[in-house]
file structure-v7.tsv (TSV, C-alpha atoms (C1' of nucleotides))
chain	number	residue	atom	x	y	z
A	1	MET	CA	-128.53	-51.22	36.60
A	2	GLN	CA	-129.93	-47.97	38.01
A	3	ASN	CA	-129.33	-48.94	41.66
A	4	ASP	CA	-126.62	-46.26	41.74
A	5	VAL	CA	-129.27	-43.49	41.67
A	6	GLN	CA	-131.33	-42.27	44.62
A	7	LEU	CA	-134.52	-40.47	43.67
A	8	LEU	CA	-135.76	-37.43	45.58
A	9	GLU	CA	-139.35	-36.65	44.59
A	10	VAL	CA	-140.32	-32.98	44.75
A	11	ALA	CA	-143.90	-31.75	45.26
A	12	ASN	CA	-144.74	-29.29	42.44
A	13	GLY	CA	-141.34	-29.83	40.89
A	14	LYS	CA	-139.07	-32.01	38.83
A	15	PRO	CA	-137.41	-35.07	40.43
A	16	VAL	CA	-133.87	-34.90	41.78
A	17	LYS	CA	-131.62	-37.83	40.82
A	18	MET	CA	-128.73	-38.30	43.23
A	19	TRP	CA	-125.56	-40.34	42.71
A	20	THR	CA	-125.05	-40.51	46.47
A	21	VAL	CA	-125.26	-44.20	47.40
A	22	GLY	CA	-123.03	-44.73	50.46
A	23	VAL	CA	-122.23	-41.07	51.09
A	24	PRO	CA	-123.93	-38.65	53.51
A	25	VAL	CA	-126.31	-35.94	52.21
A	26	GLU	CA	-127.16	-33.12	54.64
A	27	PRO	CA	-130.90	-32.47	55.21
A	28	GLU	CA	-130.19	-28.77	54.47
A	29	ALA	CA	-128.80	-29.71	51.06
A	30	ARG	CA	-131.92	-31.80	50.28
A	31	GLU	CA	-134.15	-28.84	51.15
A	32	GLN	CA	-132.09	-26.52	48.95
A	33	LEU	CA	-132.25	-28.99	46.04
A	34	GLN	CA	-136.03	-29.32	46.41
A	35	MET	CA	-136.44	-25.54	46.23
A	36	THR	CA	-134.42	-25.33	43.02
A	37	ALA	CA	-136.29	-28.30	41.50
A	38	GLN	CA	-139.58	-26.39	41.92
A	39	MET	CA	-138.57	-23.81	39.34
A	40	PRO	CA	-140.82	-24.36	36.28
A	41	PHE	CA	-137.99	-24.07	33.75
A	42	ILE	CA	-135.94	-27.02	35.12
A	43	PHE	CA	-135.51	-29.44	32.23
A	44	ARG	CA	-136.55	-33.08	33.04
A	45	HIS	CA	-134.72	-33.50	36.37
A	46	MET	CA	-131.80	-32.28	38.45
A	47	ALA	CA	-128.67	-34.40	38.86
A	48	VAL	CA	-126.76	-34.50	42.15
A	49	MET	CA	-123.14	-35.60	42.53
A	50	PRO	CA	-121.78	-37.51	45.58
A	51	ASP	CA	-119.82	-34.48	46.88
A	52	VAL	CA	-123.13	-32.62	47.39
A	53	HIS	CA	-123.40	-30.12	50.21
A	54	LEU	CA	-125.23	-26.89	51.06
A	55	GLY	CA	-123.93	-23.88	49.15
A	56	LYS	CA	-124.59	-20.18	48.95
A	57	GLY	CA	-126.89	-19.50	45.99
A	58	SER	CA	-127.26	-23.14	45.03
A	59	THR	CA	-126.24	-26.60	46.15
A	60	ILE	CA	-122.58	-27.54	45.61
A	61	GLY	CA	-122.33	-30.76	43.61
A	62	SER	CA	-125.49	-30.18	41.58
A	63	VAL	CA	-126.30	-30.05	37.88
A	64	ILE	CA	-129.15	-27.67	37.04
A	65	PRO	CA	-130.51	-28.10	33.51
A	66	THR	CA	-132.75	-25.22	32.45
A	67	GLN	CA	-134.74	-24.34	29.36
A	68	GLY	CA	-135.69	-20.73	28.59
A	69	ALA	CA	-134.19	-19.25	31.77
A	70	ILE	CA	-130.91	-18.90	33.64
A	71	ILE	CA	-130.22	-18.40	37.38
A	72	PRO	CA	-127.09	-16.27	37.91
A	73	ALA	CA	-126.78	-17.08	41.64
A	74	ALA	CA	-126.71	-20.79	40.75
A	75	VAL	CA	-123.36	-20.26	39.05
A	76	GLY	CA	-122.47	-17.81	41.82
A	77	VAL	CA	-119.57	-15.37	41.95
A	78	ASP	CA	-116.65	-17.78	41.44
A	79	ILE	CA	-117.45	-18.02	37.72
A	80	GLY	CA	-115.36	-20.53	35.77
A	81	CYS	CA	-113.65	-21.90	38.87
A	82	GLY	CA	-111.98	-25.15	37.95
A	83	MET	CA	-108.87	-27.30	37.71
A	84	MET	CA	-105.93	-27.72	35.38
A	85	ALA	CA	-103.43	-30.60	35.45
A	86	VAL	CA	-100.48	-31.52	33.25
A	87	ARG	CA	-98.33	-34.64	33.24
A	88	THR	CA	-94.60	-34.11	32.76
A	89	SER	CA	-91.91	-36.50	31.54
A	90	LEU	CA	-90.41	-36.47	35.08
A	91	THR	CA	-90.67	-39.19	37.69
A	92	ALA	CA	-90.39	-38.91	41.48
A	93	SER	CA	-86.64	-39.67	41.47
A	94	ASP	CA	-86.06	-36.55	39.30
A	95	LEU	CA	-87.41	-34.29	42.06
A	96	PRO	CA	-84.94	-32.75	44.53
A	97	GLU	CA	-84.62	-34.41	47.96
A	98	GLN	CA	-85.81	-31.22	49.67
A	99	LEU	CA	-89.06	-29.88	48.20
A	100	GLY	CA	-89.05	-26.54	50.06
A	101	PRO	CA	-87.16	-24.68	47.29
A	102	LEU	CA	-89.60	-26.00	44.65
A	103	ARG	CA	-92.55	-24.74	46.72
A	104	SER	CA	-90.79	-21.34	47.14
A	105	ALA	CA	-90.10	-21.12	43.38
A	106	ILE	CA	-93.79	-21.74	42.60
A	107	GLU	CA	-94.84	-19.20	45.25
A	108	GLN	CA	-92.49	-16.65	43.64
A	109	ALA	CA	-93.73	-17.36	40.09
A	110	VAL	CA	-97.48	-17.11	40.73
A	111	PRO	CA	-98.97	-14.21	42.73
A	112	HIS	CA	-101.32	-15.65	45.33
A	113	GLY	CA	-103.25	-14.63	48.45
A	114	ARG	CA	-100.22	-13.86	50.56
A	115	THR	CA	-97.70	-12.66	48.00
A	116	PRO	CA	-95.63	-10.08	49.89
A	117	GLY	CA	-95.28	-6.69	48.20
A	118	ALA	CA	-98.19	-7.08	45.81
A	119	ARG	CA	-100.02	-3.77	45.58
A	120	ASP	CA	-103.39	-5.49	45.80
A	121	LYS	CA	-103.79	-8.86	47.42
A	122	GLY	CA	-102.18	-11.50	45.23
A	123	SER	CA	-101.99	-9.48	41.99
A	124	TRP	CA	-99.15	-8.53	39.66
A	125	ASN	CA	-97.49	-5.17	40.36
A	126	THR	CA	-96.49	-5.12	36.68
A	127	PRO	CA	-97.89	-8.04	34.66
A	128	PRO	CA	-95.28	-9.87	32.53
A	129	GLU	CA	-95.53	-9.71	28.73
A	130	THR	CA	-97.10	-13.18	28.50
A	131	VAL	CA	-99.95	-11.89	30.67
A	132	ASP	CA	-100.27	-8.73	28.53
A	133	ALA	CA	-100.61	-10.92	25.43
A	134	MET	CA	-103.23	-13.15	27.05
A	135	TRP	CA	-105.16	-10.10	28.28
A	136	ALA	CA	-105.08	-8.66	24.75
A	137	SER	CA	-106.91	-11.77	23.54
A	138	LEU	CA	-109.60	-11.27	26.21
A	139	LEU	CA	-109.98	-7.50	25.81
A	140	PRO	CA	-112.31	-7.31	22.77
A	141	GLY	CA	-114.91	-9.44	24.52
A	142	PHE	CA	-114.50	-7.48	27.73
A	143	SER	CA	-114.97	-4.16	25.89
A	144	ARG	CA	-118.28	-5.36	24.45
A	145	ILE	CA	-119.47	-6.14	28.00
A	146	THR	CA	-118.23	-2.88	29.61
A	147	GLU	CA	-119.88	-0.79	26.88
A	148	LYS	CA	-123.19	-1.81	28.46
A	149	TYR	CA	-121.98	-2.28	32.05
A	150	PRO	CA	-119.25	0.35	32.58
A	151	ARG	CA	-118.92	-0.35	36.31
A	152	LEU	CA	-117.19	-3.65	35.41
A	153	LYS	CA	-114.24	-1.64	34.03
A	154	ASN	CA	-113.21	-0.82	37.58
A	155	THR	CA	-112.03	-4.38	38.42
A	156	ASN	CA	-108.72	-6.16	38.83
A	157	ASN	CA	-108.92	-7.72	35.38
A	158	HIS	CA	-105.57	-7.41	33.57
A	159	LYS	CA	-103.38	-7.55	36.70
A	160	HIS	CA	-105.26	-10.55	38.14
A	161	LEU	CA	-104.70	-12.68	35.03
A	162	GLY	CA	-102.29	-15.49	35.91
A	163	THR	CA	-102.83	-15.17	39.68
A	164	LEU	CA	-104.15	-17.81	42.07
A	165	GLY	CA	-106.45	-16.06	44.51
A	166	THR	CA	-107.17	-17.17	48.07
A	167	GLY	CA	-109.00	-19.75	50.15
A	168	ASN	CA	-109.13	-23.21	48.64
A	169	HIS	CA	-107.38	-22.14	45.42
A	170	PHE	CA	-104.09	-24.04	45.28
A	171	ILE	CA	-101.16	-25.27	43.19
A	172	GLU	CA	-99.75	-28.76	43.69
A	173	VAL	CA	-96.97	-31.02	42.55
A	174	CYS	CA	-98.35	-34.57	42.48
A	175	LEU	CA	-97.18	-38.11	41.72
A	176	ASP	CA	-99.39	-40.63	39.91
A	177	GLU	CA	-99.66	-44.42	40.28
A	178	ALA	CA	-96.41	-44.85	38.28
A	179	ASP	CA	-94.61	-42.09	40.27
A	180	ARG	CA	-94.80	-39.70	37.30
A	181	VAL	CA	-94.77	-35.99	38.17
A	182	TRP	CA	-97.88	-33.84	37.54
A	183	PHE	CA	-98.57	-30.17	38.16
A	184	MET	CA	-102.13	-29.38	39.18
A	185	LEU	CA	-103.90	-26.14	40.08
A	186	HIS	CA	-107.30	-24.84	41.16
A	187	SER	CA	-108.48	-21.28	40.44
A	188	GLY	CA	-111.19	-19.21	38.79
A	189	SER	CA	-111.96	-15.83	37.24
A	190	ARG	CA	-110.66	-13.74	40.18
A	191	GLY	CA	-111.94	-10.23	40.84
A	192	VAL	CA	-113.52	-9.55	37.46
A	193	GLY	CA	-115.57	-12.78	37.45
A	194	ASN	CA	-116.69	-12.02	40.97
A	195	ALA	CA	-117.86	-8.54	39.89
A	196	ILE	CA	-119.74	-9.99	36.87
A	197	GLY	CA	-121.43	-12.60	39.09
A	198	ASN	CA	-122.49	-10.07	41.71
A	199	LEU	CA	-123.73	-7.53	39.14
A	200	PHE	CA	-126.01	-10.00	37.35
A	201	ILE	CA	-127.26	-11.55	40.62
A	202	GLU	CA	-128.36	-8.02	41.64
A	203	LEU	CA	-129.94	-7.39	38.22
A	204	ALA	CA	-131.91	-10.66	38.39
A	205	GLN	CA	-133.23	-9.81	41.85
A	206	ALA	CA	-134.25	-6.36	40.59
A	207	ASP	CA	-136.01	-7.96	37.59
A	208	MET	CA	-137.97	-10.24	39.94
A	209	ARG	CA	-139.13	-7.24	42.02
A	210	GLN	CA	-140.07	-5.31	38.88
A	211	HIS	CA	-142.15	-8.19	37.51
A	212	MET	CA	-143.46	-9.11	40.99
A	213	VAL	CA	-142.26	-12.69	40.71
A	214	ASN	CA	-142.41	-14.62	43.98
A	215	LEU	CA	-139.61	-17.12	44.53
A	216	PRO	CA	-138.95	-19.91	47.07
A	217	HIS	CA	-135.64	-18.10	47.71
A	218	ARG	CA	-134.13	-14.83	46.43
A	219	ASP	CA	-131.07	-16.70	45.11
A	220	LEU	CA	-133.35	-18.39	42.56
A	221	ALA	CA	-133.84	-15.03	40.77
A	222	TYR	CA	-133.58	-15.69	37.04
A	223	PHE	CA	-133.42	-14.10	33.59
A	224	THR	CA	-135.90	-15.19	30.92
A	225	GLU	CA	-134.61	-16.12	27.48
A	226	GLY	CA	-135.18	-13.29	25.00
A	227	SER	CA	-134.63	-10.54	27.59
A	228	GLN	CA	-131.67	-8.19	27.28
A	229	HIS	CA	-130.31	-9.24	30.68
A	230	PHE	CA	-130.45	-12.91	29.67
A	231	GLU	CA	-128.44	-12.30	26.51
A	232	ASP	CA	-125.97	-10.02	28.34
A	233	TYR	CA	-125.48	-12.52	31.18
A	234	VAL	CA	-124.87	-15.42	28.79
A	235	GLU	CA	-122.23	-13.29	27.05
A	236	ALA	CA	-120.59	-12.05	30.28
A	237	VAL	CA	-120.58	-15.39	32.10
A	238	GLY	CA	-119.10	-17.05	29.00
A	239	TRP	CA	-116.37	-14.40	28.89
A	240	ALA	CA	-115.57	-14.87	32.61
A	241	GLN	CA	-115.31	-18.61	32.04
A	242	ASP	CA	-112.87	-17.99	29.20
A	243	TYR	CA	-110.88	-15.68	31.51
A	244	ALA	CA	-110.78	-18.41	34.18
A	245	ARG	CA	-109.56	-21.06	31.72
A	246	ARG	CA	-106.81	-18.75	30.41
A	247	ASN	CA	-105.93	-17.70	33.97
A	248	ARG	CA	-105.17	-21.36	34.70
A	249	MET	CA	-103.15	-21.69	31.46
A	250	VAL	CA	-100.96	-18.69	32.33
A	251	MET	CA	-100.34	-19.97	35.85
A	252	MET	CA	-99.48	-23.44	34.58
A	253	GLN	CA	-96.91	-22.00	32.15
A	254	ASN	CA	-95.32	-20.06	35.01
A	255	VAL	CA	-95.37	-23.08	37.36
A	256	ILE	CA	-93.57	-25.14	34.70
A	257	ALA	CA	-91.02	-22.35	34.12
A	258	ALA	CA	-90.41	-22.08	37.88
A	259	ALA	CA	-89.94	-25.85	38.16
A	260	ARG	CA	-87.43	-25.81	35.29
A	261	ALA	CA	-85.29	-23.35	37.27
A	262	VAL	CA	-85.22	-25.68	40.30
A	263	ILE	CA	-85.21	-29.17	38.74
A	264	THR	CA	-81.89	-29.70	36.95
A	265	LYS	CA	-83.08	-32.45	34.59
A	266	PRO	CA	-84.67	-31.13	31.35
A	267	PHE	CA	-88.28	-32.22	30.98
A	268	SER	CA	-91.29	-31.88	28.73
A	269	ALA	CA	-94.61	-30.79	30.20
A	270	GLU	CA	-98.17	-31.27	28.98
A	271	VAL	CA	-97.62	-34.92	28.06
A	272	GLU	CA	-101.27	-35.06	29.09
A	273	ALA	CA	-103.21	-31.86	29.89
A	274	VAL	CA	-106.68	-31.30	31.33
A	275	ASN	CA	-108.35	-27.92	31.96
A	276	CYS	CA	-111.92	-28.13	33.26
A	277	HIS	CA	-114.44	-25.80	34.90
A	278	HIS	CA	-116.52	-27.02	37.83
A	279	ASN	CA	-118.53	-23.82	38.39
A	280	TYR	CA	-120.15	-22.65	35.16
A	281	VAL	CA	-123.07	-22.60	32.74
A	282	GLN	CA	-123.14	-23.36	29.03
A	283	LYS	CA	-125.46	-24.39	26.21
A	284	GLU	CA	-125.46	-28.16	25.65
A	285	THR	CA	-127.64	-30.71	23.91
A	286	HIS	CA	-129.27	-33.40	26.10
A	287	PHE	CA	-132.13	-35.76	25.26
A	288	GLY	CA	-132.28	-34.06	21.84
A	289	ASN	CA	-132.87	-30.56	23.25
A	290	GLU	CA	-130.56	-27.55	23.36
A	291	ILE	CA	-130.63	-26.47	27.00
A	292	LEU	CA	-128.52	-24.54	29.51
A	293	VAL	CA	-126.55	-26.69	31.93
A	294	THR	CA	-125.34	-25.09	35.16
A	295	ARG	CA	-122.72	-27.15	36.96
A	296	LYS	CA	-122.16	-25.92	40.53
A	297	GLY	CA	-119.29	-27.97	41.88
A	298	ALA	CA	-119.68	-30.51	39.08
A	299	VAL	CA	-117.55	-31.40	36.07
A	300	SER	CA	-118.51	-32.29	32.50
A	301	ALA	CA	-118.07	-36.02	31.89
A	302	GLN	CA	-119.04	-36.58	28.25
A	303	LYS	CA	-118.00	-39.99	26.92
A	304	GLY	CA	-114.18	-40.02	26.71
A	305	GLN	CA	-113.77	-36.49	28.13
A	306	LEU	CA	-111.05	-36.06	30.76
A	307	GLY	CA	-111.76	-34.32	34.07
A	308	ILE	CA	-110.11	-33.68	37.43
A	309	ILE	CA	-111.49	-34.66	40.85
A	310	PRO	CA	-109.19	-33.30	43.57
A	311	GLY	CA	-109.22	-34.72	47.06
A	312	SER	CA	-108.59	-32.58	50.10
A	313	MET	CA	-105.06	-31.62	51.23
A	314	GLY	CA	-103.23	-34.85	52.01
A	315	ALA	CA	-105.78	-37.10	50.27
A	316	LYS	CA	-105.82	-38.65	46.78
A	317	SER	CA	-106.88	-36.82	43.61
A	318	PHE	CA	-108.09	-38.37	40.36
A	319	ILE	CA	-107.79	-37.78	36.64
A	320	VAL	CA	-111.03	-39.27	35.31
A	321	ARG	CA	-112.58	-40.12	31.95
A	322	GLY	CA	-116.28	-39.46	31.40
A	323	LEU	CA	-118.65	-42.33	30.69
A	324	GLY	CA	-121.25	-40.02	29.07
A	325	ASN	CA	-124.06	-40.91	31.48
A	326	GLU	CA	-126.96	-38.98	29.96
A	327	GLU	CA	-129.16	-39.34	33.10
A	328	ALA	CA	-126.50	-37.29	34.94
A	329	PHE	CA	-126.36	-34.79	32.03
A	330	CYS	CA	-122.85	-36.23	31.45
A	331	SER	CA	-121.40	-34.93	34.74
A	332	CYS	CA	-119.33	-36.02	37.74
A	333	SER	CA	-118.31	-34.59	41.13
A	334	HIS	CA	-115.69	-31.86	41.54
A	335	GLY	CA	-114.10	-33.20	44.72
A	336	ALA	CA	-114.78	-35.03	47.95
A	337	GLY	CA	-117.28	-32.48	49.32
A	338	ARG	CA	-117.24	-31.04	52.82
A	339	THR	CA	-118.85	-32.81	55.76
A	340	MET	CA	-118.47	-29.78	58.04
A	341	SER	CA	-118.26	-26.03	57.55
A	342	ARG	CA	-114.93	-24.20	57.64
A	343	THR	CA	-115.96	-22.71	61.00
A	344	GLN	CA	-116.77	-26.15	62.44
A	345	ALA	CA	-113.47	-27.58	61.16
A	346	LYS	CA	-111.47	-24.77	62.79
A	347	LYS	CA	-113.27	-25.42	66.09
A	348	ARG	CA	-112.83	-29.18	66.01
A	349	PHE	CA	-109.20	-29.54	64.80
A	350	THR	CA	-105.84	-28.14	65.86
A	351	VAL	CA	-102.60	-27.22	64.07
A	352	ALA	CA	-101.16	-30.50	65.46
A	353	ASP	CA	-103.99	-32.45	63.73
A	354	GLN	CA	-103.21	-30.68	60.45
A	355	ILE	CA	-99.46	-31.38	60.76
A	356	GLU	CA	-100.22	-35.08	61.27
A	357	ALA	CA	-102.74	-35.27	58.39
A	358	THR	CA	-100.36	-33.62	55.90
A	359	ALA	CA	-97.07	-35.17	57.12
A	360	HIS	CA	-96.22	-36.40	53.58
A	361	VAL	CA	-96.89	-33.05	51.86
A	362	GLU	CA	-94.59	-29.98	51.57
A	363	CYS	CA	-97.19	-27.35	52.47
A	364	ARG	CA	-98.33	-24.73	54.96
A	365	LYS	CA	-99.52	-26.21	58.25
A	366	ASP	CA	-100.62	-23.08	60.13
A	367	GLU	CA	-103.98	-22.27	61.72
A	368	ASP	CA	-105.25	-20.54	58.56
A	369	VAL	CA	-105.41	-23.85	56.65
A	370	ILE	CA	-106.99	-26.07	59.35
A	371	ASP	CA	-110.35	-25.80	57.57
A	372	GLU	CA	-108.79	-27.76	54.67
A	373	ILE	CA	-107.96	-30.75	56.90
A	374	PRO	CA	-108.95	-34.05	55.20
A	375	MET	CA	-111.24	-35.01	58.11
A	376	ALA	CA	-113.52	-32.06	57.20
A	377	TYR	CA	-114.25	-33.80	53.87
A	378	LYS	CA	-116.16	-36.91	52.81
A	379	ASP	CA	-114.27	-40.16	52.20
A	380	ILE	CA	-113.00	-39.74	48.62
A	381	ASP	CA	-113.09	-43.52	47.96
A	382	ALA	CA	-116.79	-43.63	48.88
A	383	VAL	CA	-117.40	-40.57	46.65
A	384	MET	CA	-115.65	-42.25	43.70
A	385	HIS	CA	-117.58	-45.51	44.22
A	386	ALA	CA	-120.90	-43.62	44.27
A	387	GLN	CA	-120.16	-42.19	40.80
A	388	ARG	CA	-118.68	-45.34	39.24
A	389	ASN	CA	-121.28	-45.13	36.44
A	390	LEU	CA	-120.39	-41.50	35.67
A	391	VAL	CA	-116.57	-41.66	35.34
A	392	GLU	CA	-113.69	-44.11	35.29
A	393	VAL	CA	-110.36	-43.39	36.97
A	394	VAL	CA	-107.45	-42.85	34.57
A	395	HIS	CA	-104.80	-41.71	37.07
A	396	THR	CA	-104.61	-41.54	40.85
A	397	LEU	CA	-102.51	-38.66	42.16
A	398	ARG	CA	-101.02	-37.87	45.58
A	399	GLN	CA	-99.65	-34.44	46.49
A	400	VAL	CA	-96.01	-33.89	47.43
A	401	VAL	CA	-96.05	-30.06	47.28
A	402	CYS	CA	-99.04	-27.79	47.91
A	403	VAL	CA	-99.17	-23.99	47.60
A	404	LYS	CA	-102.29	-22.45	49.14
A	405	GLY	CA	-103.72	-19.08	48.15
B	1	DA	C1'	-114.20	-16.02	46.61
B	2	DT	C1'	-113.34	-11.33	46.37
B	3	DG	C1'	-112.90	-6.62	47.95
B	4	DT	C1'	-113.36	-3.39	51.66
B	5	DC	C1'	-118.60	2.12	47.50
B	6	DC	C1'	-121.22	-3.30	53.23
call {"tool": "encode", "arguments": {"input": "structure-v7.tsv", "output": "C-alpha cells"}}
result
Amino acid sequence: MQNDVQLLEVANGKPVKMWTVGVPVEPEAREQLQMTAQMPFIFRHMAVMPDVHLGKGSTIGSVIPTQGAIIPAAVGVDIGCGMMAVRTSLTASDLPEQLGPLRSAIEQAVPHGRTPGARDKGSWNTPPETVDAMWASLLPGFSRITEKYPRLKNTNNHKHLGTLGTGNHFIEVCLDEADRVWFMLHSGSRGVGNAIGNLFIELAQADMRQHMVNLPHRDLAYFTEGSQHFEDYVEAVGWAQDYARRNRMVMMQNVIAAARAVITKPFSAEVEAVNCHHNYVQKETHFGNEILVTRKGAVSAQKGQLGIIPGSMGAKSFIVRGLGNEEAFCSCSHGAGRTMSRTQAKKRFTVADQIEATAHVECRKDEDVIDEIPMAYKDIDAVMHAQRNLVEVVHTLRQVVCVKG
DNA sequence: ATGTCC
C-alpha cells in the first residue's frame, strides 16, 4: 500500500518522496526540492509533507536527511519554531460567556508583537523571576557558544524568553471533540535564535567561497562533518532549539496563570501536554544509520509520539499520534500549508472576508491579519487525508480565542 | 521571523 506516495525523480540526485496525493504542489516548490535533492550528502531520499510550499532557504514541509554535512539555511532563522498544547480539566461550559476578558488577560500575561510599553518589540521590560530561573538554566550553554562567537551576546536573549514574537506566532484557547478546553501556542527561539541562524548561514556561505564550492543555490551552503563550524553549528542550533522549547513552556505557564485569574472554576492543566518543534535539525537513527534530520515545517512522528498540526485561523487543528512511517523518516506536516503568498492574500481578501471567516473566534480581525485568512491555506482535511499513513488523529480542536503576535 | 550595524 504505497499508493499514498508520489515519486519525484531527480537527475543527478536522490529521489523525492511526496505524501501529497490530492493536494496541490507548486511547480516552484518542486524545483526547489529537486535542487536540494542534488546535494551529494542527502541520505537515501527526501520526504515531502502535504503542506509543502516554496520557502526561503529550503522548502516548507520537507524532511532533509543528511549524512556528513548540515545546511544551516535549510533550518533557517526561526530555529526551534514549533507548537505546544495542553489539555485542561475544563469544558466549554466552564468558560465565561464573553471571551474578550480572557483574550485580554492572555495578552497582558505574555509579551507579544504589539505589547504596548515594551521597551523592545514584544519583550519583557523586567523579566519575572520564573523567566530569570529558566534563563539561568540556559545560560551555561549560551556562554559556551558566545565564547567563540561573541557577537551573539548582543541579542535579546534573557528578556525575550517567555515572549511570543510576531507574524504567525499565536496563542489560542481551543475546544476538542468532547468540548474540553485546551491552550495551544506557536512560537520559536525569538531574537537569539534568529541571530544564531543568520550567523551560521553567513559562515557557511563564506566557507563555500573559501573552498570554491559551486552550489545550485547559495542557500544550500553547508558545513562538513569534522569541521569546527559543523561542530559549533550543531551545538548552537541545539541550544536555540532548547531555548525555543523552554520559551513555549514559560508562555504556557503564564497563559494558564492568566486563565486562572479570569475563569472562576479551579482547574488542572497539562492533563495531556505536547511540545514539538517543526523547524529544526537533530541526530536520529533511520534505516540503521545515525544521520542528521532537518525538518523544515515538518513534525517528528515516531510510532506513538504525539504532535500538533494547527490549521489556519478559523479552521480545525489536530493533536496527532505518529505511526512511525520510516519511509517518511517518521515525520508529518506542520499545518495546512499556504496556497498563496501573504502579499497575494492581502490583495485578494478584505477585512470583511476575514470577519466572516473568523466569526466564531474571539480574535483580531484587522487588515494586518488578512494574510492569515483560511482561504489562503490548503484544505486541512485534504492535507490530513494525504498523510493518513504518517499520523492518526487523536483530538480535533477548534479555536474560540486567538491572540496574534 | 527578527531587528533596523541593510
call {"tool": "closest_residue", "arguments": {"input": "structure-v7.tsv", "among": "A:Gly311, A:Tyr243, A:Gly197, A:Val234", "to": "Asn157 (chain A)", "atoms": "all atoms listed in the file"}}
result
A:Tyr243
call {"tool": "closest_residue", "arguments": {"input": "structure-v7.tsv", "among": "A:Asp381, A:Ala195, A:Asn247, A:Glu147", "to": "DA1 (chain B)", "atoms": "all atoms listed in the file"}}
result
A:Ala195
call {"tool": "residues_near_point", "arguments": {"input": "structure-v7.tsv", "point": "(-111.7, -5.7, 49.8)", "cutoff": "10 Å", "atoms": "all atoms listed in the file", "output": "list of chain:residue names"}}
result
A:Asp120, A:Lys121, B:DT2, B:DG3, B:DT4
call {"tool": "atom_distance", "arguments": {"input": "structure-v7.tsv", "atom1": "CA of Glu235 (chain A)", "atom2": "CA of Ile60 (chain A)"}}
result
23.4 Å
call {"tool": "closest_residue", "arguments": {"input": "structure-v7.tsv", "among": "A:Met340, A:Val351, A:Ala244, A:Val75", "to": "Val192 (chain A)", "atoms": "only C-alpha atoms"}}
result
A:Ala244
call {"tool": "build_atoms", "arguments": {"input": "structure-v7.tsv", "residues": "region 377-381 of chain A", "atoms": "all heavy atoms", "output": "PDB file, keeping the file's coordinate frame"}}
result
ATOM      1  N   TYR A 377    -113.705 -33.405  55.168  1.00  0.00           N
ATOM      2  CA  TYR A 377    -114.250 -33.800  53.870  1.00  0.00           C
ATOM      3  C   TYR A 377    -114.772 -35.229  53.898  1.00  0.00           C
ATOM      4  O   TYR A 377    -114.366 -36.044  54.740  1.00  0.00           O
ATOM      5  CB  TYR A 377    -113.161 -33.685  52.795  1.00  0.00           C
ATOM      6  CG  TYR A 377    -112.869 -32.249  52.412  1.00  0.00           C
ATOM      7  CD1 TYR A 377    -111.986 -31.482  53.144  1.00  0.00           C
ATOM      8  CD2 TYR A 377    -113.515 -31.655  51.330  1.00  0.00           C
ATOM      9  CE1 TYR A 377    -111.719 -30.158  52.810  1.00  0.00           C
ATOM     10  CE2 TYR A 377    -113.263 -30.338  50.985  1.00  0.00           C
ATOM     11  CZ  TYR A 377    -112.365 -29.595  51.727  1.00  0.00           C
ATOM     12  OH  TYR A 377    -112.124 -28.296  51.387  1.00  0.00           O
ATOM     13  N   LYS A 378    -115.659 -35.545  52.962  1.00  0.00           N
ATOM     14  CA  LYS A 378    -116.160 -36.910  52.810  1.00  0.00           C
ATOM     15  C   LYS A 378    -115.022 -37.839  52.386  1.00  0.00           C
ATOM     16  O   LYS A 378    -114.022 -37.393  51.830  1.00  0.00           O
ATOM     17  CB  LYS A 378    -117.268 -36.954  51.742  1.00  0.00           C
ATOM     18  CG  LYS A 378    -118.508 -36.161  52.113  1.00  0.00           C
ATOM     19  CD  LYS A 378    -119.572 -36.258  51.025  1.00  0.00           C
ATOM     20  CE  LYS A 378    -120.669 -35.241  51.287  1.00  0.00           C
ATOM     21  NZ  LYS A 378    -121.760 -35.295  50.309  1.00  0.00           N
ATOM     22  N   ASP A 379    -115.225 -39.131  52.605  1.00  0.00           N
ATOM     23  CA  ASP A 379    -114.270 -40.160  52.200  1.00  0.00           C
ATOM     24  C   ASP A 379    -114.240 -40.228  50.668  1.00  0.00           C
ATOM     25  O   ASP A 379    -115.232 -40.577  50.036  1.00  0.00           O
ATOM     26  CB  ASP A 379    -114.709 -41.492  52.818  1.00  0.00           C
ATOM     27  CG  ASP A 379    -113.911 -42.673  52.294  1.00  0.00           C
ATOM     28  OD1 ASP A 379    -112.867 -42.449  51.641  1.00  0.00           O
ATOM     29  OD2 ASP A 379    -114.343 -43.815  52.540  1.00  0.00           O
ATOM     30  N   ILE A 380    -113.093 -39.855  50.084  1.00  0.00           N
ATOM     31  CA  ILE A 380    -113.000 -39.740  48.620  1.00  0.00           C
ATOM     32  C   ILE A 380    -113.238 -41.096  47.921  1.00  0.00           C
ATOM     33  O   ILE A 380    -113.789 -41.140  46.820  1.00  0.00           O
ATOM     34  CB  ILE A 380    -111.652 -39.087  48.186  1.00  0.00           C
ATOM     35  CG1 ILE A 380    -111.635 -38.734  46.685  1.00  0.00           C
ATOM     36  CG2 ILE A 380    -110.471 -39.974  48.495  1.00  0.00           C
ATOM     37  CD1 ILE A 380    -112.498 -37.591  46.276  1.00  0.00           C
ATOM     38  N   ASP A 381    -112.861 -42.205  48.575  1.00  0.00           N
ATOM     39  CA  ASP A 381    -113.090 -43.520  47.960  1.00  0.00           C
ATOM     40  C   ASP A 381    -114.598 -43.816  47.858  1.00  0.00           C
ATOM     41  O   ASP A 381    -115.065 -44.348  46.856  1.00  0.00           O
ATOM     42  CB  ASP A 381    -112.370 -44.619  48.749  1.00  0.00           C
ATOM     43  CG  ASP A 381    -110.854 -44.505  48.612  1.00  0.00           C
ATOM     44  OD1 ASP A 381    -110.389 -44.208  47.494  1.00  0.00           O
ATOM     45  OD2 ASP A 381    -110.143 -44.692  49.620  1.00  0.00           O
TER      46      ASP A 381
END
